[in-house]
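Note: the block below is start_23.tsv and it holds TSV, C-alpha atoms.
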chain	number	residue	atom	x	y	z
C	1	MET	CA	8.21	25.17	-31.06
C	2	THR	CA	9.56	28.58	-30.05
C	3	LYS	CA	10.45	31.00	-32.82
C	4	LYS	CA	14.22	30.50	-32.79
C	5	ALA	CA	16.82	28.21	-31.33
C	6	ILE	CA	19.13	29.79	-28.78
C	7	GLY	CA	22.61	28.85	-27.65
C	8	LEU	CA	23.79	27.49	-24.34
C	9	LEU	CA	25.20	30.80	-23.09
C	10	GLU	CA	22.02	32.68	-23.97
C	11	PHE	CA	19.90	30.01	-22.26
C	12	ASP	CA	22.02	30.20	-19.11
C	13	GLU	CA	21.33	33.94	-18.89
C	14	LEU	CA	17.52	33.54	-18.89
C	15	LEU	CA	15.29	33.66	-15.82
C	16	GLU	CA	14.41	30.22	-14.42
C	17	GLU	CA	10.74	30.34	-15.44
C	18	HIS	CA	11.65	31.35	-18.98
C	19	GLN	CA	14.15	28.46	-19.12
C	20	TYR	CA	11.44	26.03	-17.98
C	21	ASP	CA	8.97	27.33	-20.58
C	22	ILE	CA	11.51	26.90	-23.39
C	23	LEU	CA	12.46	23.44	-22.15
C	24	HIS	CA	8.79	22.42	-22.03
C	25	LEU	CA	8.17	23.68	-25.56
C	26	ASP	CA	11.32	22.57	-27.33
C	27	GLY	CA	13.15	20.07	-25.12
C	28	VAL	CA	13.48	16.51	-26.40
C	29	PHE	CA	13.36	13.93	-23.61
C	30	ILE	CA	16.38	11.63	-23.59
C	31	GLY	CA	16.28	9.77	-20.28
C	32	LYS	CA	15.56	9.68	-16.59
C	33	ARG	CA	17.66	8.51	-13.66
C	34	LYS	CA	17.40	8.44	-9.89
C	35	ILE	CA	20.02	9.66	-7.42
C	36	ALA	CA	19.11	9.05	-3.78
C	37	ASN	CA	15.83	10.98	-3.33
C	38	GLN	CA	16.14	12.99	-6.52
C	39	THR	CA	14.88	12.20	-10.01
C	40	VAL	CA	16.98	13.64	-12.83
C	41	VAL	CA	15.70	14.05	-16.39
C	42	LEU	CA	17.91	14.79	-19.38
C	43	PHE	CA	16.61	16.80	-22.35
C	44	GLN	CA	18.30	17.79	-25.58
C	45	LEU	CA	17.57	21.45	-26.25
C	46	TYR	CA	18.72	22.69	-29.67
C	47	SER	CA	22.51	22.12	-29.70
C	48	PHE	CA	23.02	21.41	-25.99
C	49	TYR	CA	21.69	19.34	-23.10
C	50	VAL	CA	19.75	20.23	-19.95
C	51	GLU	CA	19.49	18.03	-16.87
C	52	VAL	CA	16.56	18.80	-14.58
C	53	TYR	CA	17.05	17.79	-10.94
C	54	TYR	CA	13.71	17.27	-9.20
C	55	THR	CA	13.03	17.13	-5.49
C	56	GLN	CA	9.53	16.01	-6.53
C	57	TYR	CA	9.28	14.49	-9.99
C	58	ARG	CA	7.56	16.81	-12.48
C	59	LYS	CA	6.46	19.02	-9.58
C	60	LYS	CA	9.33	20.73	-7.83
C	61	ILE	CA	12.57	21.50	-9.66
C	62	HIS	CA	15.62	21.80	-7.40
C	63	HIS	CA	18.04	23.03	-10.08
C	64	ILE	CA	19.08	22.48	-13.68
C	65	VAL	CA	22.47	21.74	-15.20
C	66	THR	CA	23.30	22.68	-18.80
C	67	SER	CA	26.02	21.11	-20.92
C	68	GLY	CA	27.31	21.26	-24.46
C	69	ASN	CA	29.26	18.05	-23.96
C	70	THR	CA	27.95	14.70	-25.16
C	71	ASP	CA	29.64	12.97	-22.19
C	72	ILE	CA	26.46	13.72	-20.25
C	73	LEU	CA	24.74	11.07	-22.41
C	74	GLN	CA	26.86	8.36	-20.77
C	75	LEU	CA	24.62	8.50	-17.70
C	76	TYR	CA	21.59	7.68	-19.86
C	77	ILE	CA	23.19	5.47	-22.48
C	78	ASP	CA	20.79	2.57	-21.82
C	79	GLN	CA	17.84	4.85	-22.65
C	80	VAL	CA	19.17	6.89	-25.58
C	81	ASN	CA	17.02	6.60	-28.68
C	82	VAL	CA	19.53	7.48	-31.40
C	83	LYS	CA	16.82	7.68	-34.07
C	84	GLY	CA	15.00	10.57	-32.41
C	85	LEU	CA	18.11	12.50	-31.43
C	86	ASN	CA	19.61	15.38	-33.38
C	87	LYS	CA	23.36	15.74	-33.48
C	88	PRO	CA	24.30	18.79	-31.39
C	89	GLY	CA	25.51	21.59	-33.65
C	90	ALA	CA	23.64	20.27	-36.66
C	91	THR	CA	21.22	22.56	-38.46
C	92	GLN	CA	17.66	21.92	-37.25
A	1	MET	CA	-37.22	13.03	-2.84
A	2	THR	CA	-34.42	10.98	-4.32
A	3	LYS	CA	-31.21	12.73	-5.21
A	4	SER	CA	-28.81	10.83	-7.38
A	5	LEU	CA	-25.29	11.70	-8.41
A	6	PRO	CA	-24.51	11.59	-12.13
A	7	PRO	CA	-22.08	8.86	-13.21
A	8	LYS	CA	-18.43	9.86	-13.32
A	9	SER	CA	-16.73	10.43	-16.65
A	10	ILE	CA	-14.14	7.77	-17.40
A	11	VAL	CA	-10.62	8.69	-18.51
A	12	LEU	CA	-8.22	5.90	-19.51
A	13	TYR	CA	-4.47	6.42	-19.32
A	14	ALA	CA	-1.72	4.10	-20.53
A	15	ASP	CA	1.89	4.78	-19.53
A	16	ASP	CA	4.73	2.45	-18.55
A	17	ASP	CA	6.17	5.07	-16.18
A	18	LEU	CA	4.47	4.68	-12.80
A	19	ASP	CA	5.73	8.13	-11.73
A	20	ASP	CA	3.60	9.55	-14.54
A	21	HIS	CA	0.53	7.64	-13.28
A	22	GLU	CA	0.93	9.61	-10.05
A	23	LEU	CA	1.46	12.78	-12.06
A	24	LEU	CA	-1.85	12.39	-13.87
A	25	LYS	CA	-3.68	11.55	-10.64
A	26	ASP	CA	-2.32	14.83	-9.24
A	27	ILE	CA	-3.36	16.75	-12.36
A	28	PHE	CA	-6.93	15.43	-12.07
A	29	ILE	CA	-7.13	15.58	-8.27
A	30	GLN	CA	-9.55	18.53	-8.28
A	31	TYR	CA	-11.90	16.52	-10.56
A	32	ASN	CA	-12.02	13.38	-8.38
A	33	SER	CA	-15.77	13.65	-7.86
A	34	VAL	CA	-16.56	13.77	-11.60
A	35	ILE	CA	-13.72	11.82	-13.24
A	36	ASP	CA	-12.66	8.22	-12.77
A	37	LEU	CA	-9.06	7.85	-13.93
A	38	ILE	CA	-8.20	4.26	-14.87
A	39	THR	CA	-4.50	3.59	-15.46
A	40	PHE	CA	-2.74	0.89	-17.47
A	41	ASN	CA	0.95	0.00	-17.68
A	42	ASN	CA	0.98	-0.38	-21.46
A	43	GLY	CA	-1.09	-0.16	-24.62
A	44	THR	CA	-1.94	-3.87	-24.64
A	45	GLN	CA	-3.63	-3.67	-21.23
A	46	LEU	CA	-5.66	-0.67	-22.35
A	47	LEU	CA	-6.73	-2.38	-25.59
A	48	ASP	CA	-7.74	-5.52	-23.63
A	49	TYR	CA	-9.89	-3.35	-21.34
A	50	ILE	CA	-11.51	-1.56	-24.29
A	51	GLU	CA	-12.23	-4.81	-26.14
A	52	ALA	CA	-13.86	-6.27	-23.02
A	53	LEU	CA	-16.28	-3.33	-22.60
A	54	ALA	CA	-19.87	-4.51	-22.87
A	55	PRO	CA	-22.03	-2.63	-25.42
A	56	LEU	CA	-24.08	-0.90	-22.72
A	57	GLN	CA	-21.16	0.03	-20.49
A	58	PRO	CA	-20.29	3.74	-20.59
A	59	LYS	CA	-17.52	4.56	-23.03
A	60	PRO	CA	-14.53	6.53	-21.77
A	61	CYS	CA	-14.74	10.27	-22.43
A	62	LEU	CA	-11.02	10.44	-23.13
A	63	ILE	CA	-8.07	8.10	-23.71
A	64	ILE	CA	-4.58	9.39	-22.90
A	65	LEU	CA	-1.64	7.49	-24.38
A	66	ASP	CA	2.02	7.87	-23.53
A	67	VAL	CA	3.99	7.80	-26.80
A	68	ASN	CA	6.99	5.74	-25.71
A	69	MET	CA	5.92	2.46	-24.16
A	70	PRO	CA	7.48	-0.99	-24.54
A	71	GLY	CA	5.47	-3.45	-26.62
A	72	ILE	CA	2.64	-1.63	-28.34
A	73	ASN	CA	3.57	2.05	-28.07
A	74	GLY	CA	1.15	4.97	-27.92
A	75	LYS	CA	1.10	5.55	-31.67
A	76	GLN	CA	0.39	1.87	-32.42
A	77	THR	CA	-2.33	1.83	-29.76
A	78	LEU	CA	-3.89	4.92	-31.34
A	79	LYS	CA	-3.90	3.23	-34.77
A	80	LYS	CA	-5.52	0.10	-33.34
A	81	LEU	CA	-8.19	2.13	-31.52
A	82	ARG	CA	-9.03	4.05	-34.69
A	83	GLY	CA	-9.45	0.71	-36.44
A	84	MET	CA	-12.22	-0.30	-34.00
A	85	GLU	CA	-15.59	0.84	-35.28
A	86	LEU	CA	-16.95	1.63	-31.80
A	87	PHE	CA	-13.99	3.82	-30.93
A	88	ALA	CA	-13.23	5.44	-34.24
A	89	ASP	CA	-14.44	8.83	-32.98
A	90	LEU	CA	-13.41	8.57	-29.34
A	91	PRO	CA	-11.31	11.52	-28.09
A	92	ILE	CA	-7.68	10.44	-27.77
A	93	VAL	CA	-4.59	12.41	-26.75
A	94	LEU	CA	-0.95	11.44	-27.19
A	95	PHE	CA	0.84	12.53	-24.02
A	96	SER	CA	4.57	12.86	-24.39
A	97	THR	CA	7.68	14.22	-22.71
A	98	SER	CA	8.80	15.98	-25.92
A	99	THR	CA	7.01	18.08	-28.52
A	100	LEU	CA	8.35	16.39	-31.65
A	101	PRO	CA	6.68	17.77	-34.81
A	102	SER	CA	6.54	14.26	-36.32
A	103	GLU	CA	4.54	13.00	-33.33
A	104	VAL	CA	2.22	16.01	-33.36
A	105	ALA	CA	1.57	15.35	-37.07
A	106	PHE	CA	0.98	11.64	-36.41
A	107	ALA	CA	-1.59	12.45	-33.73
A	108	ALA	CA	-3.38	14.88	-36.05
A	109	ALA	CA	-3.42	12.33	-38.88
A	110	TYR	CA	-5.30	9.90	-36.62
A	111	GLY	CA	-7.70	12.51	-35.25
A	112	ALA	CA	-5.98	12.75	-31.87
A	113	GLY	CA	-4.65	15.62	-29.81
A	114	PHE	CA	-1.08	16.03	-28.62
A	115	ILE	CA	-0.09	17.37	-25.20
A	116	THR	CA	3.37	17.65	-23.71
A	117	LYS	CA	3.77	16.38	-20.14
A	118	PRO	CA	4.31	19.18	-17.62
A	119	LEU	CA	7.80	20.11	-16.51
A	120	TYR	CA	6.70	21.31	-13.09
A	121	THR	CA	3.64	22.07	-10.91
A	122	LYS	CA	2.98	25.52	-12.34
A	123	GLN	CA	1.92	23.90	-15.64
A	124	PHE	CA	-0.57	21.43	-14.05
A	125	HIS	CA	-3.59	23.71	-14.32
A	126	GLN	CA	-2.91	24.44	-17.99
A	127	ILE	CA	-2.37	20.73	-18.79
A	128	ALA	CA	-5.59	19.76	-16.94
A	129	ASN	CA	-7.49	22.32	-19.02
A	130	GLN	CA	-5.94	21.05	-22.26
A	131	LEU	CA	-6.85	17.45	-21.39
A	132	ILE	CA	-10.44	18.34	-20.44
A	133	ASP	CA	-10.78	20.31	-23.67
A	134	HIS	CA	-10.30	17.02	-25.51
A	135	CYS	CA	-13.02	15.16	-23.57
A	136	ALA	CA	-16.26	14.17	-25.30
A	137	ALA	CA	-18.62	17.20	-25.46
A	138	GLY	CA	-21.20	16.06	-22.87
A	139	ASP	CA	-18.55	15.05	-20.36
A	140	LYS	CA	-16.58	18.24	-20.94
A	141	ALA	CA	-19.64	20.36	-20.04
A	142	LYS	CA	-20.23	18.29	-16.89
A	143	ILE	CA	-16.58	18.57	-15.80
A	144	ARG	CA	-16.45	22.31	-16.46
A	145	LYS	CA	-19.68	22.80	-14.49
A	146	HIS	CA	-18.14	20.94	-11.55
A	147	ARG	CA	-15.19	23.33	-11.62
A	148	ARG	CA	-17.43	26.38	-11.51
A	149	ASN	CA	-19.34	24.99	-8.48
This structure in structure tokens:
Amino acid sequence: MTKKAIGLLEFDELLEEHQYDILHLDGVFIGKRKIANQTVVLFQLYSFYVEVYYTQYRKKIHHIVTSGNTDILQLYIDQVNVKGLNKPGATQ
Amino acid sequence: MTKSLPPKSIVLYADDDLDDHELLKDIFIQYNSVIDLITFNNGTQLLDYIEALAPLQPKPCLIILDVNMPGINGKQTLKKLRGMELFADLPIVLFSTSTLPSEVAFAAAYGAGFITKPLYTKQFHQIANQLIDHCAAGDKAKIRKHRRN
């Protein structure tokens, strides 16, 4: 784990590589979906969510999308493991 | 003069995600001449393979288990392997998409390592090193030597 949790706005300001390092260390995998030729993976990171859009799965990241809204879970609802998921905003 | 190649080290990998089978093949691609990677779609298949190993057949130098698999998951497979006398000391790594402290602790409690799957290519080299670090000592030396050559 990294030393401290950061917020969505602070995360958005970081350089890409730093974002990826934090996501690798502290992200909790929620689900994976496919859109056309892209694979998309959703992580919970502290109190928000990060979707990683791959052009090549686990190799080449095209872009990431961050969200503080739980609506993003709807796209992965069949894969969500409620037991392992922290409620966004809850103390961790 | 007869020159013979040493046998390859065997690494077993169980994961229900076929994309991750490809991922691990890519991670080990530079070690193709010294490592045989054998993949399974779940823990049951891997346990069946292990149980069918003849006493004189070479043991794997490392077993890599995805944590979340349908049926017998990685943690249950680890427990079963540790219950087998022949494999009680075999190097095992739980390989997961998330670094959950509870899973890291579980791995440690059963004498296994824990490695988080890479997010992108830049982490492949580091992950390959971490996995090889967990290999049985003799195999690890052989694999490292191959990399230097």
Listing only residues of chain A within 12 Å of chain C, what is the closest atom pair and its distance in Å (to one decimal) for each, using all atoms listed in the file, sorted by chain and residue number ascending, as a Markdown table?
| residue | atom | partner | partner_atom | distance |
| --- | --- | --- | --- | --- |
| A:Asp17 | CA | C:Lys32 | CA | 10.5 |
| A:Leu18 | CA | C:Tyr57 | CA | 11.3 |
| A:Asp19 | CA | C:Tyr57 | CA | 7.5 |
| A:Asp20 | CA | C:Arg58 | CA | 8.5 |
| A:His21 | CA | C:Arg58 | CA | 11.6 |
| A:Glu22 | CA | C:Tyr57 | CA | 9.7 |
| A:Leu23 | CA | C:Arg58 | CA | 7.3 |
| A:Leu24 | CA | C:Arg58 | CA | 10.5 |
| A:Asp26 | CA | C:Lys59 | CA | 9.7 |
| A:Ile27 | CA | C:Lys59 | CA | 10.5 |
| A:Val67 | CA | C:Phe29 | CA | 11.6 |
| A:Asn68 | CA | C:Asn81 | CA | 10.5 |
| A:Ser96 | CA | C:Phe29 | CA | 8.9 |
| A:Thr97 | CA | C:Phe29 | CA | 5.8 |
| A:Ser98 | CA | C:Val28 | CA | 4.7 |
| A:Thr99 | CA | C:Asp26 | CA | 6.3 |
| A:Leu100 | CA | C:Val28 | CA | 7.3 |
| A:Pro101 | CA | C:Met1 | CA | 8.4 |
| A:Ser102 | CA | C:Gly84 | CA | 10.0 |
| A:Glu103 | CA | C:Gly84 | CA | 10.8 |
| A:Val104 | CA | C:Met1 | CA | 11.2 |
| A:Ile115 | CA | C:Leu25 | CA | 10.4 |
| A:Thr116 | CA | C:His24 | CA | 7.4 |
| A:Lys117 | CA | C:His24 | CA | 8.1 |
| A:Pro118 | CA | C:Arg58 | CA | 6.5 |
| A:Leu119 | CA | C:Arg58 | CA | 5.2 |
| A:Tyr120 | CA | C:Lys59 | CA | 4.2 |
| A:Thr121 | CA | C:Lys59 | CA | 4.4 |
| A:Lys122 | CA | C:Lys59 | CA | 7.9 |
| A:Gln123 | CA | C:Lys59 | CA | 9.0 |
| A:Phe124 | CA | C:Lys59 | CA | 8.7 |
| A:Ile127 | CA | C:His24 | CA | 11.7 |
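If you count only C-alpha atoms and ignore residues fewer than 5 places along the chain from range 49-54 of chain A, what sits within 10 Å of it is Leu12, Phe40, Gly43, Thr44, Lys59, Pro60, Leu81, Met84, Leu86 and Phe87 of chain A.
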Task: Among listed residues A:Ser9, A:Thr2, A:Asn129, A:Thr77, nearest Leu46 in chain A (using only C-alpha atoms) - done: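 Once distances to Leu46 in chain A are computed over only C-alpha atoms, the minimum belongs to A:Thr77.
CA of Leu8 in chain C sits 6.3 Å away from CA of Phe48 in chain C.
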Axis-aligned box over every listed atom of range 23-33 of chain A, padded by 4 Å per side: centre and edges in Å to one decimal, as AutoDock Vina command-line options?
--center_x -7.2 --center_y 15.0 --center_z -10.9 --size_x 25.2 --size_y 15.0 --size_z 14.0
- [ ] May I have the residues within 10 Å of Ser33 in chain A as JSON, numbers by chain, using only C-alpha atoms and disregarding those fewer than 5 positions away in the same chain?
- [x] {"A": [5, 6, 7, 8, 9, 28, 143, 146]}
TODO: Would you list the contacts of Ala137 in chain A as a PyMOL selection string, taking every protein, DNA or RNA residue within 10 Å and counting all atoms listed in the file, but skipping same-chain residues closer than 5 positions in sequence?
DONE: chain A and resi 61+91+132+142-143
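CA of Leu47 in chain A is positioned 15.1 Å from CA of Leu94 in chain A.
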Open item on the list: Just the number, please: distance in Å from CA of Leu14 in chain C to CA of Val40 in chain C, one decimal.
Closed with: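 So the answer is 20.8 Å.
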